[in-house]
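Accompanying notes for the structure given below.
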Amino acid sequence: MPIADSEFILNKDGSIYHLNLQPDHISDTIITVGDPERVPLVSQHFDSIETVMQKREFVTHVGYYKGKRLTVISTGMGTDNIDILLNELDALVNIDFVTREPRPLEERIALRIVRVGTSGALQADIPVGSHLVTEHAVGLDSLMQFYPLVETGLEVEVASGVQQALGLSYRPYCVRGNDLLREQLGAGMVVGNTLTCPGFYGPQGRVLRLDLRIPDLIQQFQNFRYQSAEGEFRLTNFEMETAGYYALGRMLGHEVVSLNAIVANRATGEFATNSEDVVNDLIQNTLDRI
Ligand code: R1P
Ligand code: URA
């Protein structure tokens, strides 16, 4: 059965609704960034650029880096945008744009998606300027209220522990990322567990003029521990997208890894004076390993 026009939405030129891309535009390996201005910081290293596209916050450059075809796309902020990004990227490779039907299982393509983003550290021993690769992501956002994500026993226990510690009325979700991709792209980086928050201020415990419902939120995040057979689990850093990537990546069958440039440390109160350098170094590291 063809998917209805209202669900699988194509623009007049045959491109997918928000990303504005057609299937032959993208490569199997994709670097994603939050900030649209970070896209040229990645593609400036390409040998050549074949496609430049933009719609809303989704800026795409496709080109070649040392002979390898790469796509870099900006996503804007938040897991609501990651819902759009991953569903539309998946559609570009796994839905037939002519018949409007999902491709059969044996024809499905697994994309390799690398998030290169900024993040705040929660623990004093993770300095600003470091690079962190996410092992587990814990989502405080509501995206997984709407998908039947299958979590392992450990993931459920960690997520339930976070719910209990914060006294939340809903259970967060927890997803371990792709081990191989983490080892390849994150070699030499701090390995951490990333908390994905549905906001930058209150949900990350920042107080400007508004008080918080949980006044010691940062301390709760910092002090959270879970003992498992693999050792002690702690939350190392937070940002606003990683859990959405890991959960949708698992469900759609794509390999995803989140790399974080640590620009703030909430234990020491520091913000990196050289945050651009920290991000640029992460971009170069990523391109060298991809
Ligand atoms: C907040 O400043 C933004 O920075 C982080 C957060 O996840 C959020 O999107 O990532 P990016 O630098 O990739 O946007
Ligand atoms: N991005 C975030 O979401 N939080 C930080 O503290 C820094 C970058």
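By convention here, the chains of the structure tokens are called A, B, ... in the order presented, each chain's residues are numbered starting at 1, and ligands are numbered starting at 1 in the order presented.
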
Could you give me the residues within 7 Å of ligand 1, counting only C-alpha atoms and all ligand atoms, as a PDB file with N, CA, C and O atoms, in the first residue's frame?
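Final output, saved to pocket_26.pdb:
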```
ATOM      1  N   VAL A  33      25.081  18.280  12.685  1.00  0.00           N
ATOM      2  CA  VAL A  33      25.472  19.330  13.636  1.00  0.00           C
ATOM      3  C   VAL A  33      24.204  20.098  14.010  1.00  0.00           C
ATOM      4  O   VAL A  33      23.235  20.120  13.239  1.00  0.00           O
ATOM      5  N   GLY A  34      24.196  20.748  15.165  1.00  0.00           N
ATOM      6  CA  GLY A  34      23.007  21.501  15.546  1.00  0.00           C
ATOM      7  C   GLY A  34      22.931  22.837  14.814  1.00  0.00           C
ATOM      8  O   GLY A  34      21.906  23.199  14.234  1.00  0.00           O
ATOM      9  N   ASP A  35      24.052  23.541  14.822  1.00  0.00           N
ATOM     10  CA  ASP A  35      24.088  24.918  14.333  1.00  0.00           C
ATOM     11  C   ASP A  35      24.282  24.960  12.812  1.00  0.00           C
ATOM     12  O   ASP A  35      25.287  24.458  12.310  1.00  0.00           O
ATOM     13  N   GLY A  76      19.297  22.104  13.841  1.00  0.00           N
ATOM     14  CA  GLY A  76      18.688  22.940  14.866  1.00  0.00           C
ATOM     15  C   GLY A  76      18.762  22.207  16.202  1.00  0.00           C
ATOM     16  O   GLY A  76      19.512  21.234  16.346  1.00  0.00           O
ATOM     17  N   MET A  77      17.951  22.667  17.153  1.00  0.00           N
ATOM     18  CA  MET A  77      18.061  22.148  18.521  1.00  0.00           C
ATOM     19  C   MET A  77      16.844  21.324  18.930  1.00  0.00           C
ATOM     20  O   MET A  77      15.719  21.659  18.590  1.00  0.00           O
ATOM     21  N   GLY A  78      17.098  20.250  19.688  1.00  0.00           N
ATOM     22  CA  GLY A  78      15.999  19.507  20.309  1.00  0.00           C
ATOM     23  C   GLY A  78      15.637  18.217  19.610  1.00  0.00           C
ATOM     24  O   GLY A  78      15.838  18.065  18.395  1.00  0.00           O
ATOM     25  N   VAL A 116      27.979  15.696  15.680  1.00  0.00           N
ATOM     26  CA  VAL A 116      29.099  16.489  16.181  1.00  0.00           C
ATOM     27  C   VAL A 116      28.481  17.723  16.829  1.00  0.00           C
ATOM     28  O   VAL A 116      28.091  18.671  16.144  1.00  0.00           O
ATOM     29  N   GLY A 117      28.344  17.667  18.161  1.00  0.00           N
ATOM     30  CA  GLY A 117      27.608  18.730  18.844  1.00  0.00           C
ATOM     31  C   GLY A 117      28.350  19.272  20.044  1.00  0.00           C
ATOM     32  O   GLY A 117      29.408  18.761  20.425  1.00  0.00           O
ATOM     33  N   THR A 118      27.784  20.314  20.658  1.00  0.00           N
ATOM     34  CA  THR A 118      28.355  20.853  21.892  1.00  0.00           C
ATOM     35  C   THR A 118      27.576  20.298  23.079  1.00  0.00           C
ATOM     36  O   THR A 118      26.456  19.803  22.930  1.00  0.00           O
ATOM     37  N   SER A 119      28.183  20.400  24.251  1.00  0.00           N
ATOM     38  CA  SER A 119      27.570  19.797  25.430  1.00  0.00           C
ATOM     39  C   SER A 119      28.165  20.396  26.693  1.00  0.00           C
ATOM     40  O   SER A 119      29.279  20.919  26.685  1.00  0.00           O
ATOM     41  N   PHE A 200      17.344  24.154  27.467  1.00  0.00           N
ATOM     42  CA  PHE A 200      18.723  24.544  27.827  1.00  0.00           C
ATOM     43  C   PHE A 200      18.776  25.159  29.222  1.00  0.00           C
ATOM     44  O   PHE A 200      19.784  25.052  29.907  1.00  0.00           O
ATOM     45  N   GLU A 239      22.975  17.633  26.924  1.00  0.00           N
ATOM     46  CA  GLU A 239      22.735  18.388  25.699  1.00  0.00           C
ATOM     47  C   GLU A 239      21.269  18.177  25.340  1.00  0.00           C
ATOM     48  O   GLU A 239      20.483  17.839  26.216  1.00  0.00           O
ATOM     49  N   MET A 240      20.894  18.286  24.068  1.00  0.00           N
ATOM     50  CA  MET A 240      19.459  18.309  23.758  1.00  0.00           C
ATOM     51  C   MET A 240      18.996  17.378  22.627  1.00  0.00           C
ATOM     52  O   MET A 240      17.856  17.493  22.188  1.00  0.00           O
ATOM     53  N   GLU A 241      19.880  16.474  22.136  1.00  0.00           N
ATOM     54  CA  GLU A 241      19.459  15.627  21.006  1.00  0.00           C
ATOM     55  C   GLU A 241      19.825  14.142  21.105  1.00  0.00           C
ATOM     56  O   GLU A 241      19.145  13.291  20.512  1.00  0.00           O
TER      57      GLU A 241
END
```

What lies within 7 Å of range 79-90 of chain A using only C-alpha atoms, ignoring chain neighbours under 3 positions off, as a list of chain:residue names?
-> A:Ile16, A:Thr75, A:Gly76, A:Val93, A:Asn94, A:Leu143, A:Met240, A:Glu241, A:Gly244, A:Tyr245, A:Leu248

All residues having an atom within 10 Å of ligand 2 (only C-alpha atoms and all ligand atoms) as a PyMOL selection string | chain A and resi 34+77-78+117-122+195-201+203-206+237-241+260-266+270-272

Generate a file of the selected residues that holds C-alpha atoms, formatted as a PDB file, in the first residue's frame.
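Output (again28.pdb):
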```pdb
ATOM      1  CA  GLY A  34      23.007  21.501  15.546  1.00  0.00           C
ATOM      2  CA  MET A  77      18.061  22.148  18.521  1.00  0.00           C
ATOM      3  CA  GLY A  78      15.999  19.507  20.309  1.00  0.00           C
ATOM      4  CA  GLY A 117      27.608  18.730  18.844  1.00  0.00           C
ATOM      5  CA  THR A 118      28.355  20.853  21.892  1.00  0.00           C
ATOM      6  CA  SER A 119      27.570  19.797  25.430  1.00  0.00           C
ATOM      7  CA  GLY A 120      27.920  20.721  29.091  1.00  0.00           C
ATOM      8  CA  ALA A 121      29.808  18.450  31.505  1.00  0.00           C
ATOM      9  CA  LEU A 122      28.122  17.491  34.758  1.00  0.00           C
ATOM     10  CA  LEU A 195      21.496  13.184  29.500  1.00  0.00           C
ATOM     11  CA  THR A 196      19.285  14.661  26.800  1.00  0.00           C
ATOM     12  CA  CYS A 197      17.186  17.523  28.159  1.00  0.00           C
ATOM     13  CA  PRO A 198      14.067  19.118  26.656  1.00  0.00           C
ATOM     14  CA  GLY A 199      15.522  22.619  27.077  1.00  0.00           C
ATOM     15  CA  PHE A 200      18.723  24.544  27.827  1.00  0.00           C
ATOM     16  CA  TYR A 201      17.702  26.537  30.916  1.00  0.00           C
ATOM     17  CA  PRO A 203      15.694  21.390  32.180  1.00  0.00           C
ATOM     18  CA  GLN A 204      19.470  21.819  32.562  1.00  0.00           C
ATOM     19  CA  GLY A 205      19.149  23.472  35.977  1.00  0.00           C
ATOM     20  CA  ARG A 206      20.092  26.987  34.798  1.00  0.00           C
ATOM     21  CA  ASN A 237      27.149  15.469  30.388  1.00  0.00           C
ATOM     22  CA  PHE A 238      24.006  16.930  28.922  1.00  0.00           C
ATOM     23  CA  GLU A 239      22.735  18.388  25.699  1.00  0.00           C
ATOM     24  CA  MET A 240      19.459  18.309  23.758  1.00  0.00           C
ATOM     25  CA  GLU A 241      19.459  15.627  21.006  1.00  0.00           C
ATOM     26  CA  ASN A 260      30.350  16.012  22.181  1.00  0.00           C
ATOM     27  CA  ALA A 261      32.616  19.048  22.405  1.00  0.00           C
ATOM     28  CA  ILE A 262      32.507  19.955  26.098  1.00  0.00           C
ATOM     29  CA  VAL A 263      32.107  23.734  26.181  1.00  0.00           C
ATOM     30  CA  ALA A 264      30.696  24.186  29.707  1.00  0.00           C
ATOM     31  CA  ASN A 265      31.270  22.517  33.053  1.00  0.00           C
ATOM     32  CA  ARG A 266      28.404  22.821  35.509  1.00  0.00           C
ATOM     33  CA  GLU A 270      33.341  27.339  33.591  1.00  0.00           C
ATOM     34  CA  PHE A 271      32.512  28.045  29.950  1.00  0.00           C
ATOM     35  CA  ALA A 272      35.278  27.407  27.389  1.00  0.00           C
TER      36      ALA A 272
END
```

Between A:Thr32, A:Asn11, A:Ser43, A:Gln227, which is the closest to Lys55 in chain A once you count only C-alpha atoms?
->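 Of A:Thr32, A:Asn11, A:Ser43, A:Gln227, the one nearest Lys55 in chain A is A:Asn11, counting only C-alpha atoms.
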
Apply DSSP to the structure's backbone, then extract all residues of range 8-80 of chain A labelled strand (DSSP E) and return them as number ranges by chain.
-> A: 29-33, 48-55, 58-65, 68-74

Could you please determine the separation between CA of Leu149 in chain A and CA of Tyr173 in chain A in Å, to one decimal place?
-> 8.6 Å

If you count only C-alpha atoms, the residue of A:Ala187, A:Leu140, A:Ala165, A:Leu154 closest to Gly231 in chain A turns out to be A:Leu154

Name the residues in contact with range 104-115 of chain A at a cut-off of 7 Å, using only C-alpha atoms, excluding same-chain residues fewer than 3 positions from it; report them as a ChimeraX atom specification.
-> /A:28-33,93-94,253-259

Please write the residues from the selection above to a file, keeping N, CA and C atoms, as a PDB file, in the first residue's frame.
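Final file, again-v3.pdb:
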```pdb
ATOM      1  N   ASP A  28      25.745   7.561   2.354  1.00  0.00           N
ATOM      2  CA  ASP A  28      25.406   6.650   3.450  1.00  0.00           C
ATOM      3  C   ASP A  28      26.014   7.110   4.777  1.00  0.00           C
ATOM      4  N   THR A  29      27.084   7.903   4.705  1.00  0.00           N
ATOM      5  CA  THR A  29      27.707   8.424   5.931  1.00  0.00           C
ATOM      6  C   THR A  29      27.352   9.903   6.063  1.00  0.00           C
ATOM      7  N   ILE A  30      26.812  10.248   7.221  1.00  0.00           N
ATOM      8  CA  ILE A  30      26.268  11.596   7.405  1.00  0.00           C
ATOM      9  C   ILE A  30      26.782  12.180   8.714  1.00  0.00           C
ATOM     10  N   ILE A  31      27.314  13.379   8.648  1.00  0.00           N
ATOM     11  CA  ILE A  31      27.687  14.118   9.864  1.00  0.00           C
ATOM     12  C   ILE A  31      26.553  15.093  10.147  1.00  0.00           C
ATOM     13  N   THR A  32      26.095  15.135  11.395  1.00  0.00           N
ATOM     14  CA  THR A  32      25.029  16.079  11.735  1.00  0.00           C
ATOM     15  C   THR A  32      25.530  17.051  12.793  1.00  0.00           C
ATOM     16  N   VAL A  33      25.081  18.280  12.685  1.00  0.00           N
ATOM     17  CA  VAL A  33      25.472  19.330  13.636  1.00  0.00           C
ATOM     18  C   VAL A  33      24.204  20.098  14.010  1.00  0.00           C
ATOM     19  N   VAL A  93      16.310   6.726   2.010  1.00  0.00           N
ATOM     20  CA  VAL A  93      16.968   5.483   1.578  1.00  0.00           C
ATOM     21  C   VAL A  93      16.057   4.256   1.648  1.00  0.00           C
ATOM     22  N   ASN A  94      15.027   4.301   2.480  1.00  0.00           N
ATOM     23  CA  ASN A  94      14.246   3.075   2.693  1.00  0.00           C
ATOM     24  C   ASN A  94      12.776   3.142   2.274  1.00  0.00           C
ATOM     25  N   GLY A 253      17.151   1.106  12.473  1.00  0.00           N
ATOM     26  CA  GLY A 253      18.245   0.273  11.984  1.00  0.00           C
ATOM     27  C   GLY A 253      19.410   1.058  11.405  1.00  0.00           C
ATOM     28  N   HIS A 254      19.653   2.255  11.928  1.00  0.00           N
ATOM     29  CA  HIS A 254      20.819   3.031  11.480  1.00  0.00           C
ATOM     30  C   HIS A 254      21.875   3.066  12.589  1.00  0.00           C
ATOM     31  N   GLU A 255      23.154   3.190  12.171  1.00  0.00           N
ATOM     32  CA  GLU A 255      24.245   3.253  13.153  1.00  0.00           C
ATOM     33  C   GLU A 255      24.464   4.716  13.509  1.00  0.00           C
ATOM     34  N   VAL A 256      24.400   5.001  14.794  1.00  0.00           N
ATOM     35  CA  VAL A 256      24.484   6.401  15.218  1.00  0.00           C
ATOM     36  C   VAL A 256      25.488   6.542  16.350  1.00  0.00           C
ATOM     37  N   VAL A 257      26.251   7.622  16.322  1.00  0.00           N
ATOM     38  CA  VAL A 257      27.117   7.922  17.459  1.00  0.00           C
ATOM     39  C   VAL A 257      27.074   9.430  17.722  1.00  0.00           C
ATOM     40  N   SER A 258      27.146   9.782  19.001  1.00  0.00           N
ATOM     41  CA  SER A 258      27.126  11.197  19.368  1.00  0.00           C
ATOM     42  C   SER A 258      28.481  11.594  19.946  1.00  0.00           C
ATOM     43  N   LEU A 259      29.103  12.585  19.311  1.00  0.00           N
ATOM     44  CA  LEU A 259      30.390  13.123  19.767  1.00  0.00           C
ATOM     45  C   LEU A 259      30.137  14.522  20.314  1.00  0.00           C
TER      46      LEU A 259
END
```

Non-local contacts of Thr60 in chain A (8 Å; only C-alpha atoms; under 2 positions in same chain excluded) as an NGL selection string = :A and (39 or 51-54 or 58 or 62 or 71-74)

Please report, as an NGL selection string, each residue of range 115-213 of chain A to which DSSP assigns alpha helix (DSSP H) when run on this structure's backbone.
-> :A and (153-166 or 179-185)

Selection above as a file: all heavy atoms, as a compact mmCIF listing (two decimals), in the first residue's frame:
```
# COMPACT_ATOMS: atom_id res chain seq x y z
N GLY A 153 17.05 -4.62 29.99
CA GLY A 153 16.77 -4.54 31.43
C GLY A 153 17.58 -3.44 32.09
O GLY A 153 17.06 -2.65 32.88
N LEU A 154 18.86 -3.35 31.73
CA LEU A 154 19.74 -2.33 32.33
C LEU A 154 19.25 -0.93 31.97
O LEU A 154 19.20 -0.02 32.81
CB LEU A 154 21.18 -2.54 31.85
CG LEU A 154 22.16 -1.45 32.31
CD1 LEU A 154 22.51 -1.64 33.77
CD2 LEU A 154 23.43 -1.45 31.47
N GLU A 155 18.87 -0.77 30.69
CA GLU A 155 18.40 0.56 30.26
C GLU A 155 17.15 0.98 31.04
O GLU A 155 17.04 2.13 31.47
CB GLU A 155 18.11 0.53 28.75
CG GLU A 155 19.38 0.40 27.90
CD GLU A 155 19.12 0.09 26.43
OE1 GLU A 155 17.98 -0.30 26.08
OE2 GLU A 155 20.07 0.21 25.63
N VAL A 156 16.23 0.04 31.22
CA VAL A 156 15.00 0.35 31.96
C VAL A 156 15.35 0.71 33.41
O VAL A 156 14.80 1.67 33.98
CB VAL A 156 14.00 -0.83 31.92
CG1 VAL A 156 12.83 -0.61 32.87
CG2 VAL A 156 13.50 -1.06 30.50
N GLU A 157 16.28 -0.05 33.99
CA GLU A 157 16.63 0.21 35.39
C GLU A 157 17.29 1.58 35.56
O GLU A 157 17.00 2.30 36.51
CB GLU A 157 17.54 -0.90 35.91
CG GLU A 157 16.74 -2.16 36.23
CD GLU A 157 17.62 -3.35 36.57
OE1 GLU A 157 18.70 -3.12 37.17
OE2 GLU A 157 17.23 -4.47 36.23
N VAL A 158 18.17 1.93 34.64
CA VAL A 158 18.82 3.24 34.72
C VAL A 158 17.76 4.34 34.59
O VAL A 158 17.70 5.29 35.38
CB VAL A 158 19.89 3.40 33.62
CG1 VAL A 158 20.33 4.84 33.49
CG2 VAL A 158 21.10 2.50 33.92
N ALA A 159 16.89 4.20 33.58
CA ALA A 159 15.88 5.22 33.34
C ALA A 159 14.92 5.34 34.53
O ALA A 159 14.55 6.44 34.93
CB ALA A 159 15.11 4.89 32.06
N SER A 160 14.55 4.21 35.11
CA SER A 160 13.66 4.23 36.28
C SER A 160 14.37 4.88 37.47
O SER A 160 13.75 5.61 38.25
CB SER A 160 13.25 2.81 36.69
OG SER A 160 12.61 2.19 35.60
N GLY A 161 15.69 4.62 37.59
CA GLY A 161 16.46 5.24 38.68
C GLY A 161 16.48 6.75 38.54
O GLY A 161 16.34 7.48 39.53
N VAL A 162 16.64 7.24 37.31
CA VAL A 162 16.64 8.69 37.08
C VAL A 162 15.26 9.26 37.41
O VAL A 162 15.14 10.31 38.06
CB VAL A 162 17.05 9.03 35.62
CG1 VAL A 162 16.89 10.52 35.34
CG2 VAL A 162 18.50 8.60 35.35
N GLN A 163 14.20 8.53 37.01
CA GLN A 163 12.84 8.99 37.31
C GLN A 163 12.65 9.14 38.81
O GLN A 163 12.14 10.17 39.30
CB GLN A 163 11.81 7.98 36.77
CG GLN A 163 10.39 8.35 37.17
CD GLN A 163 9.34 7.35 36.70
OE1 GLN A 163 9.68 6.24 36.29
NE2 GLN A 163 8.09 7.74 36.77
N GLN A 164 13.10 8.11 39.54
CA GLN A 164 12.93 8.11 41.00
C GLN A 164 13.73 9.24 41.64
O GLN A 164 13.22 9.98 42.49
CB GLN A 164 13.43 6.78 41.53
CG GLN A 164 12.58 6.25 42.66
CD GLN A 164 13.03 4.84 43.01
OE1 GLN A 164 14.06 4.34 42.53
NE2 GLN A 164 12.26 4.20 43.86
N ALA A 165 14.99 9.38 41.20
CA ALA A 165 15.86 10.39 41.80
C ALA A 165 15.29 11.80 41.63
O ALA A 165 15.39 12.64 42.53
CB ALA A 165 17.25 10.30 41.18
N LEU A 166 14.67 12.05 40.47
CA LEU A 166 14.17 13.40 40.19
C LEU A 166 12.70 13.56 40.57
O LEU A 166 12.16 14.65 40.51
CB LEU A 166 14.32 13.74 38.70
CG LEU A 166 15.74 13.69 38.12
CD1 LEU A 166 15.72 14.09 36.66
CD2 LEU A 166 16.67 14.61 38.90
N ASP A 179 28.34 0.11 19.72
CA ASP A 179 29.66 -0.04 20.33
C ASP A 179 30.79 0.14 19.32
O ASP A 179 31.80 0.79 19.60
CB ASP A 179 29.79 -1.41 21.00
CG ASP A 179 28.91 -1.51 22.24
OD1 ASP A 179 28.46 -0.45 22.74
OD2 ASP A 179 28.65 -2.64 22.70
N LEU A 180 30.62 -0.43 18.11
CA LEU A 180 31.69 -0.37 17.11
C LEU A 180 31.96 1.07 16.66
O LEU A 180 33.10 1.51 16.58
CB LEU A 180 31.31 -1.21 15.88
CG LEU A 180 31.55 -2.71 16.00
CD1 LEU A 180 31.09 -3.40 14.72
CD2 LEU A 180 33.03 -2.99 16.27
N LEU A 181 30.87 1.78 16.41
CA LEU A 181 31.00 3.16 15.95
C LEU A 181 31.61 4.03 17.06
O LEU A 181 32.43 4.93 16.79
CB LEU A 181 29.62 3.70 15.56
CG LEU A 181 29.56 4.76 14.49
CD1 LEU A 181 30.35 4.40 13.26
CD2 LEU A 181 28.10 5.06 14.12
N ARG A 182 31.21 3.73 18.32
CA ARG A 182 31.77 4.49 19.44
C ARG A 182 33.29 4.27 19.52
O ARG A 182 34.06 5.21 19.71
CB ARG A 182 31.11 4.06 20.75
CG ARG A 182 31.54 4.92 21.93
CD ARG A 182 30.87 4.52 23.23
NE ARG A 182 31.23 3.18 23.62
CZ ARG A 182 30.41 2.13 23.61
NH1 ARG A 182 29.16 2.27 23.22
NH2 ARG A 182 30.83 0.94 23.97
N GLU A 183 33.71 3.01 19.32
CA GLU A 183 35.14 2.72 19.40
C GLU A 183 35.90 3.36 18.24
O GLU A 183 37.00 3.87 18.39
CB GLU A 183 35.38 1.21 19.43
CG GLU A 183 35.15 0.65 20.83
CD GLU A 183 34.85 -0.84 20.85
OE1 GLU A 183 35.24 -1.53 19.90
OE2 GLU A 183 34.22 -1.31 21.82
N GLN A 184 35.28 3.34 17.06
CA GLN A 184 35.96 3.90 15.88
C GLN A 184 36.03 5.43 15.92
O GLN A 184 37.10 6.02 15.78
CB GLN A 184 35.23 3.48 14.61
CG GLN A 184 35.97 3.91 13.35
CD GLN A 184 35.09 3.87 12.11
OE1 GLN A 184 34.11 3.12 12.05
NE2 GLN A 184 35.43 4.68 11.13
N LEU A 185 34.90 6.06 16.14
CA LEU A 185 34.85 7.52 16.07
C LEU A 185 35.30 8.18 17.36
O LEU A 185 35.77 9.32 17.36
CB LEU A 185 33.42 7.99 15.73
CG LEU A 185 33.02 8.10 14.26
CD1 LEU A 185 33.80 9.17 13.55
CD2 LEU A 185 33.12 6.81 13.52
```

Tell me which protein, DNA and RNA residues are within 10 Å of Leu41 in chain A, counting only C-alpha atoms, leaving out same-chain ones fewer than 5 positions away, and put them as a compact mmCIF listing (two decimals) with N, CA and C atoms, in the first residue's frame.
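Output saved as part-v7.txt:
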```txt
# COMPACT_ATOMS: atom_id res chain seq x y z
N PRO A 36 23.35 25.58 12.07
CA PRO A 36 23.52 25.68 10.61
C PRO A 36 24.85 26.29 10.21
N PHE A 46 36.11 19.62 2.70
CA PHE A 46 35.83 18.71 1.58
C PHE A 46 36.71 19.07 0.38
N VAL A 72 26.85 16.55 5.21
CA VAL A 72 26.76 17.21 6.52
C VAL A 72 25.45 17.99 6.55
N VAL A 279 35.27 22.88 19.12
CA VAL A 279 34.38 22.32 18.11
C VAL A 279 35.17 22.00 16.83
N ASN A 280 36.02 22.92 16.41
CA ASN A 280 36.80 22.69 15.18
C ASN A 280 37.71 21.46 15.31
N ILE A 283 35.56 18.46 14.84
CA ILE A 283 35.25 18.27 13.42
C ILE A 283 36.43 17.59 12.72
N GLN A 284 37.64 18.09 12.97
CA GLN A 284 38.82 17.52 12.30
C GLN A 284 39.04 16.06 12.71
```

Counting only C-alpha atoms, figure out which residue out of A:Glu230, A:Asp211, A:Asp288, A:Asp216 gets nearest to Lys68 in chain A.
->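 Closest candidate: A:Asp288.
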
Correct to one decimal, the distance CA of Gly249 in chain A-CA of Arg100 in chain A is 21.6 Å

Of the residues A:Ala267, A:Leu92, A:Ile26, A:Val98, which is the one nearest to Gly63 in chain A, using only C-alpha atoms?
-> A:Ile26

Which one of A:Gln123, A:Gln219, A:Asn178, A:Asn193 sits closest to His136 in chain A if you count only C-alpha atoms?
->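 Closest to His136 in chain A of all the choices is A:Asn193.
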
Kindly give the distance, in Å, that separates CA of Val59 in chain A and CA of His25 in chain A, rounded to a single decimal.
-> 12.8 Å
